[in-house]
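Have a look at structure-v3.cif; it's mmCIF, C-alpha atoms:
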```
data_work
loop_
_atom_site.group_PDB
_atom_site.id
_atom_site.type_symbol
_atom_site.label_atom_id
_atom_site.label_comp_id
_atom_site.auth_asym_id
_atom_site.auth_seq_id
_atom_site.Cartn_x
_atom_site.Cartn_y
_atom_site.Cartn_z
ATOM 1 C CA MET A 1 103.846 108.419 139.887
ATOM 2 C CA ARG A 2 107.336 108.391 138.378
ATOM 3 C CA ILE A 3 107.431 107.374 134.721
ATOM 4 C CA VAL A 4 110.473 106.803 132.515
ATOM 5 C CA ILE A 5 110.001 107.121 128.753
ATOM 6 C CA ALA A 6 112.566 104.976 126.922
ATOM 7 C CA ASP A 7 111.493 105.101 123.295
ATOM 8 C CA PRO A 8 112.808 107.772 120.883
ATOM 9 C CA LEU A 9 109.467 107.889 119.071
ATOM 10 C CA ALA A 10 107.910 109.183 122.301
ATOM 11 C CA TYR A 11 110.448 111.997 122.751
ATOM 12 C CA SER A 12 108.490 114.354 120.495
ATOM 13 C CA VAL A 13 106.830 117.541 121.730
ATOM 14 C CA PRO A 14 103.298 116.411 120.664
ATOM 15 C CA PHE A 15 103.682 113.186 122.629
ATOM 16 C CA GLU A 16 104.979 114.997 125.720
ATOM 17 C CA ARG A 17 102.063 117.429 125.600
ATOM 18 C CA ALA A 18 99.516 114.629 125.264
ATOM 19 C CA LEU A 19 101.077 112.647 128.098
ATOM 20 C CA ARG A 20 101.237 115.617 130.480
ATOM 21 C CA ALA A 21 97.617 116.448 129.689
ATOM 22 C CA ALA A 22 96.574 112.864 130.427
ATOM 23 C CA LEU A 23 98.679 112.608 133.622
ATOM 24 C CA PRO A 24 99.246 116.140 134.949
ATOM 25 C CA SER A 25 100.458 114.991 138.380
ATOM 26 C CA ALA A 26 103.024 112.446 137.155
ATOM 27 C CA ASP A 27 106.780 112.993 136.948
ATOM 28 C CA PHE A 28 108.222 112.111 133.515
ATOM 29 C CA VAL A 29 111.855 111.514 132.632
ATOM 30 C CA ARG A 30 113.257 110.530 129.266
ATOM 31 C CA TRP A 31 115.676 107.623 129.385
ATOM 32 C CA PRO A 32 118.759 109.548 128.225
ATOM 33 C CA ASP A 33 118.227 112.085 131.023
ATOM 34 C CA LEU A 34 117.730 109.521 133.798
ATOM 35 C CA ALA A 35 120.191 109.813 136.681
ATOM 36 C CA ASP A 36 122.166 106.737 137.722
ATOM 37 C CA GLY A 37 120.345 104.767 140.384
ATOM 38 C CA ALA A 38 117.104 106.697 139.937
ATOM 39 C CA GLU A 39 113.916 105.062 141.214
ATOM 40 C CA TYR A 40 110.715 105.032 139.172
ATOM 41 C CA ASP A 41 107.365 103.206 139.020
ATOM 42 C CA LEU A 42 106.534 102.677 135.345
ATOM 43 C CA LEU A 43 108.814 102.126 132.346
ATOM 44 C CA VAL A 44 107.509 102.916 128.852
ATOM 45 C CA ALA A 45 109.532 101.162 126.147
ATOM 46 C CA TRP A 46 109.195 98.954 123.096
ATOM 47 C CA ASN A 47 112.720 97.588 123.542
ATOM 48 C CA LEU A 48 114.839 98.065 126.627
ATOM 49 C CA PRO A 49 117.827 100.264 125.702
ATOM 50 C CA LYS A 50 121.078 98.298 125.464
ATOM 51 C CA GLU A 51 122.616 100.501 128.143
ATOM 52 C CA MET A 52 119.816 99.713 130.597
ATOM 53 C CA THR A 53 121.656 96.970 132.453
ATOM 54 C CA ALA A 54 119.542 96.977 135.614
ATOM 55 C CA LEU A 55 115.985 97.863 136.570
ATOM 56 C CA PRO A 56 115.235 99.545 139.912
ATOM 57 C CA ARG A 57 113.533 97.682 142.736
ATOM 58 C CA SER A 58 110.836 100.364 142.710
ATOM 59 C CA LEU A 59 109.663 99.427 139.182
ATOM 60 C CA ARG A 60 106.080 98.174 139.334
ATOM 61 C CA ALA A 61 105.242 97.560 135.666
ATOM 62 C CA ILE A 62 106.429 97.940 132.081
ATOM 63 C CA PHE A 63 104.287 99.465 129.355
ATOM 64 C CA CYS A 64 105.004 98.181 125.835
ATOM 65 C CA PHE A 65 105.133 101.198 123.545
ATOM 66 C CA GLY A 66 104.165 99.503 120.283
ATOM 67 C CA ALA A 67 102.553 96.471 118.713
ATOM 68 C CA GLY A 68 103.868 93.096 119.836
ATOM 69 C CA THR A 69 105.432 92.371 123.213
ATOM 70 C CA ASP A 70 107.633 89.324 122.572
ATOM 71 C CA GLN A 71 110.831 91.433 122.582
ATOM 72 C CA LEU A 72 110.046 92.432 126.177
ATOM 73 C CA LEU A 73 108.750 89.080 127.383
ATOM 74 C CA ASP A 74 111.932 87.420 126.096
ATOM 75 C CA ASP A 75 114.308 89.989 127.618
ATOM 76 C CA PRO A 76 116.261 88.371 130.484
ATOM 77 C CA ARG A 77 116.712 91.759 132.162
ATOM 78 C CA ILE A 78 112.990 91.870 132.959
ATOM 79 C CA PRO A 79 111.983 89.754 135.988
ATOM 80 C CA PRO A 80 109.278 87.195 135.148
ATOM 81 C CA ASP A 81 107.062 88.488 137.963
ATOM 82 C CA LEU A 82 107.016 92.063 136.619
ATOM 83 C CA PRO A 83 103.683 92.952 134.948
ATOM 84 C CA VAL A 84 103.829 93.930 131.264
ATOM 85 C CA ALA A 85 100.933 95.884 129.706
ATOM 86 C CA ARG A 86 100.447 96.537 126.018
ATOM 87 C CA LEU A 87 99.448 99.610 124.083
ATOM 88 C CA ARG A 88 95.838 99.996 122.979
ATOM 89 C CA ASP A 89 95.754 102.822 120.444
ATOM 90 C CA GLN A 90 92.904 103.304 117.995
ATOM 91 C CA GLY A 91 95.046 105.584 115.852
ATOM 92 C CA GLN A 92 97.676 102.880 115.470
ATOM 93 C CA ALA A 93 94.998 100.351 114.536
ATOM 94 C CA GLU A 94 93.704 102.752 111.858
ATOM 95 C CA GLN A 95 97.185 102.973 110.321
ATOM 96 C CA LEU A 96 97.461 99.197 110.093
ATOM 97 C CA LEU A 97 94.045 99.040 108.467
ATOM 98 C CA ASP A 98 95.173 101.681 105.962
ATOM 99 C CA TYR A 99 98.211 99.553 105.090
ATOM 100 C CA ALA A 100 96.123 96.405 104.649
ATOM 101 C CA MET A 101 93.588 98.333 102.564
ATOM 102 C CA LEU A 102 96.342 99.729 100.339
ATOM 103 C CA ALA A 103 97.616 96.218 99.631
ATOM 104 C CA ALA A 104 94.081 94.940 99.008
ATOM 105 C CA PHE A 105 93.340 97.716 96.529
ATOM 106 C CA ALA A 106 96.710 97.139 94.852
ATOM 107 C CA ARG A 107 95.744 93.494 94.313
ATOM 108 C CA LEU A 108 92.307 94.545 93.120
ATOM 109 C CA LEU A 109 93.896 96.765 90.462
ATOM 110 C CA ASP A 110 96.628 94.230 89.591
ATOM 111 C CA ASP A 111 99.304 96.682 90.649
ATOM 112 C CA VAL A 112 102.324 94.473 89.876
ATOM 113 C CA ALA A 113 101.287 93.855 86.267
ATOM 114 C CA VAL A 114 100.344 97.510 85.730
ATOM 115 C CA ARG A 115 103.685 98.757 87.048
ATOM 116 C CA ALA A 116 105.569 96.212 84.920
ATOM 117 C CA ASP A 117 103.718 97.391 81.816
ATOM 118 C CA GLN A 118 104.554 100.990 82.659
ATOM 119 C CA GLN A 119 108.241 100.175 82.993
ATOM 120 C CA ALA A 120 108.095 98.395 79.607
ATOM 121 C CA ARG A 121 106.038 101.247 78.052
ATOM 122 C CA LEU A 122 103.492 98.629 77.083
ATOM 123 C CA TRP A 123 99.906 99.732 76.424
ATOM 124 C CA ARG A 124 97.880 96.612 77.167
ATOM 125 C CA PRO A 125 94.152 96.988 76.376
ATOM 126 C CA PRO A 126 91.864 95.270 78.909
ATOM 127 C CA ASP A 127 90.749 91.769 77.992
ATOM 128 C CA ARG A 128 88.269 91.371 80.862
ATOM 129 C CA GLN A 129 86.172 93.376 83.290
ATOM 130 C CA ASN A 130 87.841 94.933 86.307
ATOM 131 C CA ARG A 131 87.424 92.994 89.532
ATOM 132 C CA THR A 132 85.126 94.222 92.251
ATOM 133 C CA ARG A 133 85.804 94.354 95.984
ATOM 134 C CA GLY A 134 83.205 91.689 96.530
ATOM 135 C CA SER A 135 85.182 89.260 94.364
ATOM 136 C CA LEU A 136 88.497 89.720 96.196
ATOM 137 C CA ARG A 137 88.815 87.312 99.111
ATOM 138 C CA THR A 138 90.935 88.457 102.032
ATOM 139 C CA ALA A 139 92.254 86.418 104.947
ATOM 140 C CA VAL A 140 93.454 87.907 108.251
ATOM 141 C CA LEU A 141 95.642 85.900 110.625
ATOM 142 C CA GLY A 142 95.424 87.044 114.234
ATOM 143 C CA LEU A 143 92.433 88.572 116.018
ATOM 144 C CA GLY A 144 93.993 90.576 118.793
ATOM 145 C CA PRO A 145 92.886 94.228 119.066
ATOM 146 C CA LEU A 146 94.787 95.190 115.900
ATOM 147 C CA GLY A 147 93.814 92.169 113.817
ATOM 148 C CA LEU A 148 90.215 92.571 114.908
ATOM 149 C CA HIS A 149 90.179 96.165 113.689
ATOM 150 C CA VAL A 150 91.755 95.236 110.354
ATOM 151 C CA ALA A 151 89.327 92.355 109.752
ATOM 152 C CA ARG A 152 86.311 94.531 110.544
ATOM 153 C CA GLY A 153 87.623 97.398 108.416
ATOM 154 C CA LEU A 154 88.230 95.243 105.354
ATOM 155 C CA SER A 155 84.765 93.742 105.715
ATOM 156 C CA THR A 156 83.150 97.169 106.073
ATOM 157 C CA ALA A 157 84.950 98.272 102.895
ATOM 158 C CA GLY A 158 83.238 95.467 100.986
ATOM 159 C CA PHE A 159 85.908 92.765 100.886
ATOM 160 C CA PRO A 160 84.854 89.230 101.873
ATOM 161 C CA VAL A 161 86.949 88.424 104.962
ATOM 162 C CA SER A 162 87.943 85.194 106.672
ATOM 163 C CA ALA A 163 89.936 85.454 109.877
ATOM 164 C CA TRP A 164 91.864 82.928 111.936
ATOM 165 C CA SER A 165 92.835 82.900 115.588
ATOM 166 C CA ARG A 166 94.066 80.217 117.955
ATOM 167 C CA THR A 167 90.803 80.298 119.909
ATOM 168 C CA ALA A 168 87.212 80.754 118.739
ATOM 169 C CA ARG A 169 85.966 84.293 118.034
ATOM 170 C CA ARG A 170 82.786 85.850 116.630
ATOM 171 C CA ILE A 171 82.794 89.005 114.469
ATOM 172 C CA ASP A 172 79.836 90.303 112.523
ATOM 173 C CA GLY A 173 80.506 90.182 108.787
ATOM 174 C CA VAL A 174 83.657 88.071 109.141
ATOM 175 C CA ILE A 175 84.011 84.289 108.803
ATOM 176 C CA CYS A 176 85.953 83.351 111.944
ATOM 177 C CA LEU A 177 87.932 80.122 112.109
ATOM 178 C CA HIS A 178 90.297 78.751 114.701
ATOM 179 C CA GLY A 179 92.621 75.876 115.501
ATOM 180 C CA ASP A 180 94.792 73.782 113.173
ATOM 181 C CA ASP A 181 91.922 72.797 110.888
ATOM 182 C CA GLY A 182 90.628 76.350 110.649
ATOM 183 C CA LEU A 183 93.935 77.796 109.412
ATOM 184 C CA GLY A 184 93.809 76.010 106.056
ATOM 185 C CA ALA A 185 90.134 76.812 105.570
ATOM 186 C CA CYS A 186 90.799 80.481 106.318
ATOM 187 C CA VAL A 187 93.447 80.953 103.638
ATOM 188 C CA ASP A 188 92.033 78.630 100.952
ATOM 189 C CA GLY A 189 91.619 80.649 97.763
ATOM 190 C CA ALA A 190 92.404 83.991 99.412
ATOM 191 C CA ASP A 191 93.607 86.765 97.107
ATOM 192 C CA VAL A 192 95.160 88.783 99.950
ATOM 193 C CA LEU A 193 96.625 87.359 103.154
ATOM 194 C CA VAL A 194 97.249 89.806 106.032
ATOM 195 C CA ASN A 195 99.294 88.523 108.970
ATOM 196 C CA LEU A 196 98.924 90.168 112.396
ATOM 197 C CA LEU A 197 99.809 87.226 114.619
ATOM 198 C CA PRO A 198 101.955 87.561 117.728
ATOM 199 C CA SER A 199 105.409 85.997 117.768
ATOM 200 C CA MET A 200 105.195 82.637 119.531
ATOM 201 C CA HIS A 201 106.822 79.257 119.134
ATOM 202 C CA GLU A 202 103.726 77.952 117.316
ATOM 203 C CA THR A 203 103.609 80.857 114.847
ATOM 204 C CA LYS A 204 107.256 80.964 113.755
ATOM 205 C CA GLY A 205 107.538 80.216 110.039
ATOM 206 C CA ILE A 206 103.757 80.093 109.613
ATOM 207 C CA LEU A 207 103.980 82.057 106.356
ATOM 208 C CA SER A 208 105.371 79.084 104.494
ATOM 209 C CA ASP A 209 105.070 77.222 101.208
ATOM 210 C CA ARG A 210 102.330 75.074 102.776
ATOM 211 C CA LEU A 211 100.250 78.209 103.334
ATOM 212 C CA PHE A 212 101.216 79.918 100.076
ATOM 213 C CA SER A 213 100.108 76.890 98.066
ATOM 214 C CA ARG A 214 96.546 77.274 99.378
ATOM 215 C CA LEU A 215 96.161 80.902 98.309
ATOM 216 C CA ALA A 216 94.675 81.990 94.993
ATOM 217 C CA PRO A 217 97.208 82.239 92.148
ATOM 218 C CA GLY A 218 98.824 85.687 92.185
ATOM 219 C CA ALA A 219 97.808 86.391 95.794
ATOM 220 C CA TYR A 220 99.435 89.183 97.790
ATOM 221 C CA VAL A 221 100.961 88.378 101.176
ATOM 222 C CA VAL A 222 101.058 91.226 103.720
ATOM 223 C CA ASN A 223 103.222 90.699 106.808
ATOM 224 C CA LEU A 224 102.450 93.116 109.641
ATOM 225 C CA GLY A 225 103.189 90.635 112.429
ATOM 226 C CA ARG A 226 106.803 89.651 113.002
ATOM 227 C CA GLY A 227 109.740 88.835 110.763
ATOM 228 C CA ASP A 228 110.058 85.328 112.211
ATOM 229 C CA HIS A 229 106.590 84.459 110.871
ATOM 230 C CA LEU A 230 107.953 84.445 107.323
ATOM 231 C CA ASP A 231 109.858 81.645 105.601
ATOM 232 C CA GLU A 232 111.902 83.936 103.373
ATOM 233 C CA GLN A 233 113.143 81.261 100.994
ATOM 234 C CA ALA A 234 109.635 79.879 100.518
ATOM 235 C CA LEU A 235 108.460 83.413 99.758
ATOM 236 C CA ARG A 236 111.192 83.961 97.184
ATOM 237 C CA ALA A 237 110.407 80.698 95.434
ATOM 238 C CA ALA A 238 106.671 81.481 95.358
ATOM 239 C CA LEU A 239 107.297 84.967 93.968
ATOM 240 C CA ASP A 240 109.807 83.846 91.365
ATOM 241 C CA ARG A 241 107.571 81.140 89.956
ATOM 242 C CA GLY A 242 104.544 83.453 89.940
ATOM 243 C CA ARG A 243 102.601 81.522 92.581
ATOM 244 C CA LEU A 244 102.374 84.760 94.576
ATOM 245 C CA GLY A 245 101.814 88.116 92.938
ATOM 246 C CA ALA A 246 103.524 90.291 95.547
ATOM 247 C CA ALA A 247 104.677 90.555 99.146
ATOM 248 C CA TRP A 248 104.088 93.677 101.240
ATOM 249 C CA LEU A 249 106.514 93.530 104.149
ATOM 250 C CA ASP A 250 106.778 95.855 107.143
ATOM 251 C CA VAL A 251 108.569 93.565 109.618
ATOM 252 C CA PHE A 252 111.776 91.582 109.223
ATOM 253 C CA ALA A 253 113.817 88.919 110.990
ATOM 254 C CA VAL A 254 116.747 91.351 111.164
ATOM 255 C CA GLU A 255 116.069 95.069 111.594
ATOM 256 C CA PRO A 256 117.333 97.313 110.129
ATOM 257 C CA LEU A 257 117.132 95.187 106.990
ATOM 258 C CA PRO A 258 120.702 94.612 105.692
ATOM 259 C CA PRO A 259 121.371 96.475 102.413
ATOM 260 C CA GLU A 260 122.435 93.272 100.676
ATOM 261 C CA HIS A 261 119.147 91.472 101.381
ATOM 262 C CA TRP A 262 117.237 90.329 98.300
ATOM 263 C CA PHE A 263 114.025 92.001 99.513
ATOM 264 C CA TRP A 264 115.398 95.410 98.464
ATOM 265 C CA ARG A 265 115.853 94.415 94.827
ATOM 266 C CA HIS A 266 112.915 92.104 94.104
ATOM 267 C CA ASP A 267 110.343 93.726 91.820
ATOM 268 C CA ARG A 268 107.462 91.931 93.552
ATOM 269 C CA VAL A 269 108.366 93.042 97.076
ATOM 270 C CA ARG A 270 107.093 96.282 98.591
ATOM 271 C CA LEU A 271 108.764 97.034 101.901
ATOM 272 C CA THR A 272 108.452 99.633 104.618
ATOM 273 C CA PRO A 273 110.794 100.028 107.638
ATOM 274 C CA HIS A 274 108.521 98.769 110.429
ATOM 275 C CA ARG A 275 106.275 101.825 110.309
ATOM 276 C CA ALA A 276 102.892 100.488 109.175
ATOM 277 C CA GLY A 277 101.316 101.277 112.554
ATOM 278 C CA LEU A 278 103.015 103.789 114.851
ATOM 279 C CA PRO A 279 101.711 104.881 118.272
ATOM 280 C CA THR A 280 99.851 108.191 118.182
ATOM 281 C CA PRO A 281 100.335 110.863 120.874
ATOM 282 C CA GLN A 282 96.701 110.935 122.012
ATOM 283 C CA GLY A 283 96.088 107.186 121.815
ATOM 284 C CA ALA A 284 99.350 106.221 123.509
ATOM 285 C CA ALA A 285 98.958 108.854 126.224
ATOM 286 C CA ALA A 286 95.466 107.613 127.066
ATOM 287 C CA SER A 287 96.674 104.001 127.212
ATOM 288 C CA ILE A 288 99.670 104.851 129.405
ATOM 289 C CA ALA A 289 97.444 106.970 131.663
ATOM 290 C CA ALA A 290 95.058 104.044 132.137
ATOM 291 C CA VAL A 291 97.916 101.809 133.309
ATOM 292 C CA ALA A 292 99.474 104.492 135.532
ATOM 293 C CA THR A 293 96.125 105.329 137.137
ATOM 294 C CA ALA A 294 95.420 101.667 137.843
ATOM 295 C CA LEU A 295 98.835 101.362 139.515
ATOM 296 C CA GLU A 296 98.188 104.424 141.675
ATOM 297 C CA GLN A 297 94.738 103.256 142.724
ATOM 298 C CA GLY A 298 95.737 99.644 143.299
ATOM 299 C CA HIS A 299 93.419 98.292 140.606
ATOM 300 C CA GLY A 300 94.124 95.517 138.115
ATOM 301 C CA LEU A 301 96.138 96.774 135.157
ATOM 302 C CA PRO A 302 94.372 96.992 131.779
ATOM 303 C CA ASP A 303 95.669 95.207 128.664
ATOM 304 C CA LEU A 304 98.075 92.918 130.492
ATOM 305 C CA VAL A 305 100.080 90.417 128.460
ATOM 306 C CA ARG A 306 101.833 89.141 131.588
ATOM 307 C CA SER A 307 100.184 89.649 134.938
ATOM 308 C CA GLY A 308 103.256 89.140 137.100
ATOM 309 C CA LYS A 309 103.146 90.266 140.715
ATOM 310 C CA LEU A 310 101.993 93.796 141.447
ATOM 311 C CA VAL A 311 104.344 95.647 143.777
ATOM 312 C CA GLU A 312 102.716 97.955 146.297
ATOM 313 C CA ASN A 313 103.957 101.531 146.734
#
```

Take the structure in the file and write it out as structure tokens.
Amino acid sequence: MRIVIADPLAYSVPFERALRAALPSADFVRWPDLADGAEYDLLVAWNLPKEMTALPRSLRAIFCFGAGTDQLLDDPRIPPDLPVARLRDQGQAEQLLDYAMLAAFARLLDDVAVRADQQARLWRPPDRQNRTRGSLRTAVLGLGPLGLHVARGLSTAGFPVSAWSRTARRIDGVICLHGDDGLGACVDGADVLVNLLPSMHETKGILSDRLFSRLAPGAYVVNLGRGDHLDEQALRAALDRGRLGAAWLDVFAVEPLPPEHWFWRHDRVRLTPHRAGLPTPQGAAASIAAVATALEQGHGLPDLVRSGKLVEN
């Protein structure tokens, strides 16, 4: 099995060790070291490098090294009959849950108001009891493997959780809704909205004024899906008029985020550079090994997002 690794995040020593331990008989080559015209079986990448102008005829599948596969499925360099498998990494899912939990606790403690008072050196005595987790409604959009883990984790932590997906799902401790009618019911009155939807034509711009208006006053919006899910002007208007309390953003329509973008300067925006959930060496190695082993043994590939046509050795 010949495997090309084409993601800088996977060039680390810990990742190489984990991958060689999981697949001791495989041959690994990093993309910058690949010889011209080299043949290989499996390509590991989140984005195809710009310099990768052609894929070899020997390539049997692509493994998406990260959350979300739309950037690969939309790449014209990848034949439509080439299978694409996605990462399944428990460690990555834990990181995304941590991020969602951090935002939920920040809303619970009224982080924006507290930080504003600190900046103003204002000692504001409490005029009401602190909120409890059980009083803070959270809504999760998207119930793929990552969204499922986040919804379950928030519920286990004591937050009431509603979750929405395009098709019906059942999760213990979570109110699951689906379809067009279910979307509004899911977000109605939510104090924290966490988006983990995939990027599709139907989901573009879904984080819009129509959705924001249904949230509880002062709600936090957490975007861990894709930048094209967010109507940026609707978000700015909702933040500026106080309809939303804060936005926690990890993904953006243009990455890297341009230095002149208003996100950088807005006091109600917390942003991170697309790092809320990164692949872990052990989790990614196990997931890649499962795909490579299935290819070698002629079995169906796990975690396919596009089945394509399997090419025999």

Review point. Skipping near chain neighbours, those fewer than 2 positions away, what residues fall within 10 Å of Asp70 (chain A) using only C-alpha atoms, listed as a ChimeraX atom specification?
Key: /A:46-47,64,67-68,72-75,198-200,226,305

Exercise for review: Name the residues that the PyMOL selection byres ((chain A and resi 4) around 9) picks from the file above, as a list in words, using the file's chain letters and numbers.
Suggested key: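 For this structure, the PyMOL selection byres ((chain A and resi 4) around 9) resolves to Arg2, Ile3, Ile5, Ala6, Asp27, Phe28, Val29, Arg30, Trp31, Leu34, Tyr40, Asp41, Leu42, Leu43, Val44 and Ala45 of chain A.
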
Review point. Out of A:Phe212, A:Tyr11, A:Phe65, A:Trp164, which residue has the shortest atom-to-atom distance to Gly142 (chain A) when counting all atoms listed in the file?
Key: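 Using all atoms listed in the file, the shortest distance to Gly142 (chain A) belongs to A:Trp164.
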
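We find CA of Gly147 (chain A) and CA of Thr280 (chain A) to be spaced 17.7 Å apart.
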
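Each of A:Pro56, A:Pro281, A:Gly245, A:Gly37 was checked against Leu215 (chain A) using only C-alpha atoms; the smallest atom-to-atom distance is that of A:Gly245.
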
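Proximity to Thr132 (chain A) was assessed for A:Gly242, A:Gly158, A:Gly184, A:Gly189 counting only C-alpha atoms; the smallest distance is recorded for A:Gly158.
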
Review point. Pick from A:Asp303, A:Asp209, A:Glu16, A:Asp172: nearest to Thr156 (chain A), with only C-alpha atoms counted?
Key: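 Of A:Asp303, A:Asp209, A:Glu16, A:Asp172, the one nearest Thr156 (chain A), counting only C-alpha atoms, is A:Asp172.
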
Exercise for review: Can you give me, as an MDAnalysis selection string, the residues this file yields under the PyMOL selection byres ((chain A and resi 292-302) around 10)?
Suggested key: chainID A and resid 1:3 23 26 41:42 60:61 63 83:88 286:291 303:305 307 310:313

Practice item. Carefully work through the PyMOL selection byres ((chain A and resi 92-106) around 8) for this structure and note down the residues it includes, as a list in words. Key: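 Selection result, ordered by chain and number: Asp89, Gln90, Gly91, Arg107, Leu108, Leu109, Asp110, Asp111, Val112, Thr138, Pro145, Leu146, His149, Val150, Gly153, Leu154, Val192, Val194, Tyr220, Val222, Leu224, Trp248, Ala276, Gly277, Leu278, Pro279, Thr280 and Gly283 of chain A.
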
Produce a table with one row for each residue of region 122-240 of chain A that has an atom at most 9 Å from any atom of region 249-269 of chain A, each row naming the nearest atom pair and its distance in Å at one decimal; use all atoms listed in the file; arrange rows by chain and rising residue number; format as CSV.
```
residue,atom,partner,partner_atom,distance
A:Val221,CA,A:Leu249,CA,8.1
A:Val222,CA,A:Leu249,CA,5.9
A:Asn223,CA,A:Leu249,CA,5.1
A:Leu224,CA,A:Asp250,CA,5.7
A:Gly225,CA,A:Val251,CA,6.7
A:Arg226,CA,A:Val251,CA,5.5
A:Gly227,CA,A:Phe252,CA,3.8
A:Asp228,CA,A:Ala253,CA,5.3
A:His229,CA,A:Ala253,CA,8.5
A:Leu230,CA,A:Ala253,CA,8.2
A:Arg236,CA,A:Phe263,CA,8.8
A:Leu239,CA,A:Arg268,CA,7.0
A:Asp240,CA,A:Arg268,CA,8.7
```

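Take the candidates A:Ala116, A:Leu141, A:Ala163, A:Val13 and check each one against Leu207 (chain A) using all atoms listed in the file; the shortest distance goes to A:Leu141.
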